[in-house]
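**Q** Data: my_file-v2.csv, CSV, C-alpha atoms and all ligand atoms.
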```csv
chain,number,residue,atom,x,y,z
R,1,MET,CA,-88.1,-49.1,-111.5
R,2,ALA,CA,-87.1,-45.5,-111.6
R,3,ASP,CA,-83.6,-44.6,-112.3
R,4,PHE,CA,-81.4,-42.0,-110.6
R,5,LEU,CA,-82.0,-38.5,-112.0
R,6,PRO,CA,-79.0,-37.0,-113.9
R,7,LEU,CA,-78.6,-34.7,-111.0
R,8,GLU,CA,-78.4,-37.6,-108.6
R,9,ILE,CA,-75.9,-39.3,-110.8
R,10,ALA,CA,-73.8,-36.2,-110.8
R,11,ILE,CA,-73.9,-36.1,-107.0
R,12,LEU,CA,-73.1,-39.8,-106.6
R,13,LYS,CA,-70.2,-39.4,-108.9
R,14,SER,CA,-68.9,-36.4,-106.9
R,15,LYS,CA,-69.1,-38.6,-103.9
R,16,GLY,CA,-66.8,-41.2,-105.5
R,17,ALA,CA,-69.3,-43.5,-107.3
R,18,SER,CA,-67.6,-44.5,-110.6
R,19,ASP,CA,-69.4,-45.6,-113.7
R,20,GLU,CA,-68.6,-49.2,-112.6
R,21,ILE,CA,-70.2,-48.6,-109.2
R,22,LEU,CA,-73.2,-47.0,-110.8
R,23,GLU,CA,-73.5,-50.0,-113.0
R,24,LYS,CA,-73.4,-52.1,-109.8
R,25,PHE,CA,-76.1,-50.0,-108.2
R,26,LYS,CA,-78.3,-50.7,-111.2
R,27,GLU,CA,-77.6,-54.4,-111.0
R,28,LEU,CA,-78.6,-54.5,-107.3
R,29,GLY,CA,-81.6,-52.4,-107.9
R,30,ILE,CA,-80.3,-49.4,-106.1
R,31,SER,CA,-82.1,-46.8,-108.2
R,32,SER,CA,-83.1,-44.0,-105.9
R,33,LYS,CA,-82.3,-42.3,-102.7
R,34,GLU,CA,-84.9,-44.6,-101.1
R,35,SER,CA,-82.9,-47.7,-102.0
R,36,PHE,CA,-80.1,-46.7,-99.6
R,37,LYS,CA,-82.5,-47.0,-96.7
R,38,ILE,CA,-82.9,-50.7,-97.6
R,39,VAL,CA,-79.1,-51.0,-97.6
R,40,GLY,CA,-79.1,-49.6,-94.1
R,41,ASP,CA,-75.6,-48.6,-93.5
R,42,ALA,CA,-72.4,-47.5,-95.1
R,43,GLN,CA,-70.5,-50.6,-94.3
R,44,THR,CA,-73.1,-52.8,-96.1
R,45,LEU,CA,-73.2,-50.4,-99.1
R,46,SER,CA,-69.4,-50.7,-99.3
R,47,ASP,CA,-69.6,-54.5,-99.0
R,48,ILE,CA,-72.2,-55.0,-101.7
R,49,THR,CA,-71.0,-52.4,-104.2
R,50,GLY,CA,-67.2,-52.2,-103.8
R,51,LEU,CA,-67.3,-48.6,-102.8
R,52,THR,CA,-64.7,-47.5,-100.3
R,53,VAL,CA,-66.2,-47.0,-96.8
R,54,THR,CA,-65.4,-43.3,-96.9
R,55,ASN,CA,-67.3,-42.9,-100.2
R,56,ALA,CA,-70.1,-45.1,-98.9
R,57,ILE,CA,-70.4,-42.9,-95.8
R,58,ALA,CA,-70.6,-39.8,-97.9
R,59,ILE,CA,-73.3,-41.3,-100.1
R,60,MET,CA,-75.3,-42.6,-97.2
R,61,GLU,CA,-75.1,-39.2,-95.6
R,62,TRP,CA,-76.4,-37.6,-98.8
R,63,ALA,CA,-79.2,-40.1,-98.8
R,64,GLY,CA,-80.1,-38.9,-95.3
R,65,ILE,CA,-78.9,-42.0,-93.5
R,66,LYS,CA,-76.6,-41.3,-90.6
R,67,SER,CA,-73.7,-43.7,-90.4
R,68,GLU,CA,-72.3,-44.7,-87.1
R,69,ASP,CA,-69.0,-43.2,-86.6
R,70,PRO,CA,-66.5,-46.0,-86.9
R,71,GLN,CA,-64.2,-44.3,-84.3
R,72,CYS,CA,-67.1,-44.2,-81.9
R,73,SER,CA,-67.8,-48.0,-82.1
R,74,ASP,CA,-64.1,-48.6,-81.8
R,75,SER,CA,-63.8,-46.8,-78.5
R,76,LYS,CA,-66.9,-48.7,-77.2
R,77,LEU,CA,-65.1,-51.9,-78.0
R,78,ASN,CA,-61.9,-50.7,-76.2
R,79,SER,CA,-63.6,-49.6,-73.1
R,80,GLY,CA,-65.5,-52.9,-72.9
R,81,GLY,CA,-62.3,-54.9,-72.7
R,82,ASN,CA,-60.7,-52.5,-70.4
R,83,GLN,CA,-60.9,-52.7,-66.6
R,84,GLN,CA,-60.9,-49.0,-66.1
R,85,PRO,CA,-63.5,-47.1,-68.1
R,86,ILE,CA,-62.3,-44.1,-70.1
R,87,VAL,CA,-62.8,-41.1,-67.9
R,88,ILE,CA,-64.0,-38.1,-69.8
R,89,GLU,CA,-62.7,-35.0,-68.2
R,90,ASP,CA,-65.4,-33.1,-66.4
R,91,ALA,CA,-66.0,-31.0,-63.4
R,92,SER,CA,-65.3,-33.9,-61.1
R,93,VAL,CA,-61.6,-34.0,-62.1
R,94,ILE,CA,-59.6,-32.7,-59.1
R,95,ARG,CA,-56.8,-30.4,-60.0
R,96,CYS,CA,-54.1,-29.1,-57.6
R,97,THR,CA,-54.9,-25.6,-56.5
R,98,HIS,CA,-51.2,-24.7,-56.6
R,99,CYS,CA,-49.9,-26.2,-59.8
R,100,ASP,CA,-53.1,-27.3,-61.6
R,101,HIS,CA,-51.8,-30.9,-61.8
R,102,LYS,CA,-54.5,-33.4,-62.3
R,103,GLN,CA,-54.9,-35.6,-59.3
R,104,PRO,CA,-54.9,-39.5,-59.5
R,105,HIS,CA,-58.2,-41.3,-59.6
R,106,ASP,CA,-57.9,-42.6,-56.1
R,107,TYR,CA,-57.4,-39.0,-54.8
R,108,LYS,CA,-58.9,-38.4,-51.4
R,109,THR,CA,-59.4,-35.0,-49.8
R,110,GLY,CA,-56.3,-33.9,-48.0
R,111,ASP,CA,-53.9,-35.9,-50.2
R,112,LEU,CA,-50.7,-34.2,-51.3
R,113,CYS,CA,-50.2,-33.4,-54.9
R,114,PRO,CA,-47.8,-35.8,-56.6
R,115,ASN,CA,-46.5,-33.0,-58.7
R,116,CYS,CA,-45.7,-30.2,-56.3
R,117,GLY,CA,-46.0,-32.0,-52.9
R,118,LYS,CA,-48.4,-29.4,-51.4
R,119,GLN,CA,-51.9,-30.3,-50.3
R,120,ALA,CA,-53.8,-30.4,-53.6
R,121,GLN,CA,-56.9,-28.8,-52.1
R,122,THR,CA,-57.1,-26.7,-49.0
R,123,LEU,CA,-59.9,-27.6,-46.7
R,124,ALA,CA,-62.2,-24.7,-46.1
R,125,THR,CA,-65.1,-24.2,-43.7
R,126,CYS,CA,-68.3,-22.7,-44.9
R,127,TYR,CA,-69.1,-19.4,-43.2
R,128,TRP,CA,-72.8,-20.1,-43.9
R,129,CYS,CA,-73.5,-23.6,-42.7
R,130,TYR,CA,-70.1,-24.5,-41.1
R,131,THR,CA,-69.6,-27.6,-43.3
R,132,SER,CA,-65.9,-28.3,-44.2
R,133,GLY,CA,-65.1,-29.0,-47.7
R,134,THR,CA,-62.8,-28.4,-50.7
R,135,GLY,CA,-63.1,-26.6,-54.0
R,136,LYS,CA,-64.6,-23.2,-54.6
R,137,PHE,CA,-68.1,-23.8,-53.3
R,138,CYS,CA,-69.6,-25.5,-50.3
R,139,LYS,CA,-71.1,-28.8,-51.3
R,140,SER,CA,-73.7,-28.6,-48.6
R,141,CYS,CA,-75.2,-25.2,-49.2
R,142,GLY,CA,-73.5,-23.8,-52.3
R,143,ALA,CA,-72.0,-20.8,-50.7
R,144,GLU,CA,-68.6,-19.7,-52.2
R,145,PHE,CA,-65.7,-20.4,-49.9
R,146,VAL,CA,-63.6,-17.4,-48.8
R,147,LYS,CA,-60.0,-17.1,-47.8
R,148,ASN,CA,-59.3,-17.9,-44.1
R,149,ILE,CA,-58.7,-14.2,-43.2
R,150,GLU,CA,-62.1,-13.3,-44.7
R,151,TYR,CA,-63.9,-16.1,-43.0
R,152,GLU,CA,-64.6,-14.2,-39.8
R,153,ILE,CA,-65.8,-11.2,-41.8
R,154,ALA,CA,-68.1,-13.5,-43.8
R,155,VAL,CA,-69.6,-14.8,-40.6
R,156,LEU,CA,-70.0,-11.2,-39.4
R,157,LEU,CA,-71.8,-10.3,-42.7
R,158,LYS,CA,-74.0,-13.3,-42.3
R,159,ARG,CA,-75.0,-12.1,-38.8
R,160,GLU,CA,-75.8,-8.7,-40.3
R,161,GLY,CA,-78.2,-10.3,-42.6
R,162,VAL,CA,-76.3,-10.2,-45.9
R,163,SER,CA,-77.5,-12.9,-48.2
R,164,LYS,CA,-75.4,-15.9,-49.0
R,165,ARG,CA,-74.9,-14.9,-52.6
R,166,GLU,CA,-73.9,-11.3,-51.7
R,167,ILE,CA,-71.3,-12.2,-49.1
R,168,ALA,CA,-68.6,-13.3,-51.5
R,169,LYS,CA,-69.3,-10.2,-53.6
R,170,GLU,CA,-69.1,-7.9,-50.7
R,171,LEU,CA,-65.8,-9.4,-49.6
R,172,ALA,CA,-64.4,-9.0,-53.1
R,173,ALA,CA,-65.4,-5.4,-53.1
R,174,MET,CA,-63.9,-4.6,-49.7
R,175,ASP,CA,-60.4,-3.1,-49.6
R,176,GLU,CA,-57.8,-4.2,-47.0
R,177,SER,CA,-58.4,-1.3,-44.6
R,178,GLU,CA,-62.1,-2.0,-44.6
R,179,LYS,CA,-61.4,-5.6,-43.8
R,180,GLU,CA,-59.1,-4.6,-41.0
R,181,SER,CA,-61.7,-2.4,-39.4
R,182,ARG,CA,-64.2,-5.2,-39.7
R,183,LEU,CA,-61.9,-7.5,-37.9
R,184,THR,CA,-61.2,-4.9,-35.3
R,185,GLN,CA,-64.9,-4.6,-34.7
R,186,LEU,CA,-65.0,-8.3,-34.1
R,187,ARG,CA,-62.1,-8.3,-31.8
R,188,THR,CA,-63.3,-5.5,-29.7
R,189,GLY,CA,-66.5,-7.4,-29.2
R,190,ARG,CA,-68.9,-5.0,-30.8
R,191,TYR,CA,-70.7,-8.0,-32.2
R,201,ZN,ZN,-49.6,-29.4,-57.2
R,202,ZN,ZN,-72.3,-24.2,-46.7
```
Spit out the file's structure as structure tokens when you get a sec.
**A**
Amino acid sequence: MADFLPLEIAILKSKGASDEILEKFKELGISSKESFKIVGDAQTLSDITGLTVTNAIAIMEWAGIKSEDPQCSDSKLNSGGNQQPIVIEDASVIRCTHCDHKQPHDYKTGDLCPNCGKQAQTLATCYWCYTSGTGKFCKSCGAEFVKNIEYEIAVLLKREGVSKREIAKELAAMDESEKESRLTQLRTGRY
């Protein structure tokens, strides 16, 4: 049976395998990188050789065997015994538009923010498909919601044939006087 190359022994030593451990390897027939595949995982390597788990993980990694992250399996165990699964923060987390406070899990549209007492999300109506919703974009058609005062102008732009994606951009580019004149147009019934 082949033995470890001097280079491999140097690497193993740098990863915490003492002479005693190397002797143990020999005893067990661990004599090449391949042998670690038979061992299978760092915990087993630690159990049979007396290496610390940390060193065993380092050696297994060097041998090209990915160890399962012990923290990872821990959290799996924890969430299994827990009623509420661990919620990883993602786009579905609702935050108050006024104070950025994270809303409780049972949050429903229209609820007041427990932190600042204002309505956490203001209800907007889509100028494009007239669906009501919260957040920045219409869940029905994907158009970007606009401020209430700009809503009428947005509807106007839509009638003029401006595309859905361009409306929010045009509104952002408009100055106040331009918005005013647009609203005047609407009120005087030119459209
Ligand atoms: Zn708030
Ligand atoms: Zn819409």
**Q** Show me which residues sit within 7 Å of ligand ZN 201 (chain R) when counting only C-alpha atoms and all ligand atoms, and put them as a short mmCIF file (atom, residue, chain, number, x, y, z; two decimals) with C-alpha atoms, in the frame of the given file.
**A**
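See result.cif below for the written result:
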```cif
data_model
loop_
_atom_site.label_atom_id
_atom_site.label_comp_id
_atom_site.auth_asym_id
_atom_site.auth_seq_id
_atom_site.Cartn_x
_atom_site.Cartn_y
_atom_site.Cartn_z
CA CYS R 96 -54.10 -29.10 -57.60
CA THR R 97 -54.90 -25.60 -56.50
CA HIS R 98 -51.20 -24.70 -56.60
CA CYS R 99 -49.90 -26.20 -59.80
CA ASP R 100 -53.10 -27.30 -61.60
CA HIS R 101 -51.80 -30.90 -61.80
CA CYS R 113 -50.20 -33.40 -54.90
CA PRO R 114 -47.80 -35.80 -56.60
CA ASN R 115 -46.50 -33.00 -58.70
CA CYS R 116 -45.70 -30.20 -56.30
CA GLY R 117 -46.00 -32.00 -52.90
CA LYS R 118 -48.40 -29.40 -51.40
CA ALA R 120 -53.80 -30.40 -53.60
#
```
**Q** At a cut-off of 6 Å and counting all atoms listed in the file, what residues surround ligand ZN 202 (chain R)? Please answer as a ChimeraX atom specification.
**A** /R:126,128-129,131,138,140-143
**Q** With distances taken over only C-alpha atoms, which of R:Leu12, R:Glu20, R:Ala154, R:Leu123 is nearest to Glu166 of chain R?
**A**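 The shortest atom-to-atom distance to Glu166 of chain R comes from R:Ala154.
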**Q** Check the smallest atom-to-atom distance from each of R:Asn148, R:Thr44, R:Lys33, R:Lys26 to Leu7 of chain R using only C-alpha atoms, then report the winner.
**A**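 Between R:Asn148, R:Thr44, R:Lys33, R:Lys26, the residue approaching Leu7 of chain R most closely is R:Lys33.
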**Q** Excluding Glu180 of chain R and any residue of its chain fewer than 4 positions from it, enumerate the residues within 10 Å of it, using all atoms listed in the file, and give them as a list in words.
**A**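 The residues that qualify are Ile149, Glu150, Ile153, Met174, Asp175, Glu176, Thr184, Gln185 and Leu186 of chain R.
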**Q** Compile the contact shell of Lys66 of chain R as a PyMOL selection string: residues with an atom at most 10 Å away, counting only C-alpha atoms, same-chain residues fewer than 2 positions apart removed.
**A** chain R and resi 40-42+57-58+60-64+68-69
**Q** Find the spatial neighbours of Leu5 of chain R, counting all atoms listed in the file, within a cut-off of 10 Å - ignore same-chain residues fewer than 6 positions away - and output them as a ChimeraX atom specification.
**A** /R:11,31-32
**Q** If I take atom CA of Gly133 of chain R and atom CA of Ala172 of chain R, how far is one from the other in Å, to one decimal?
**A** 20.7 Å
**Q** Between R:Asp106, R:Asp19, R:Glu152, R:Glu8, which is the closest to Thr125 of chain R once you count all atoms listed in the file?
**A** R:Glu152
**Q** Which one of R:Gly16, R:Ile30, R:Phe25, R:Lys169 sits closest to Thr54 of chain R if you count all atoms listed in the file?
**A**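 Checking each of R:Gly16, R:Ile30, R:Phe25, R:Lys169 against Thr54 of chain R, counting all atoms listed in the file, the winner is R:Gly16.
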**Q** Provide the atom CA of Lys164 of chain R to atom CA of Tyr151 of chain R distance in Å, to one decimal place.
**A**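 That distance, rounded to one decimal, is 13.0 Å.
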**Q** Please measure the separation of atom CA of Glu23 of chain R and atom CA of Ile59 of chain R, giving the value in Å to one decimal.
**A**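 The value is 15.6 Å.
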**Q** Considering only C-alpha atoms, state which residue in the set R:Ser35, R:Gln121, R:Gln43, R:Thr52 is at the smallest distance from Ile21 of chain R.
**A**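 Checking each of R:Ser35, R:Gln121, R:Gln43, R:Thr52 against Ile21 of chain R, counting only C-alpha atoms, the winner is R:Thr52.
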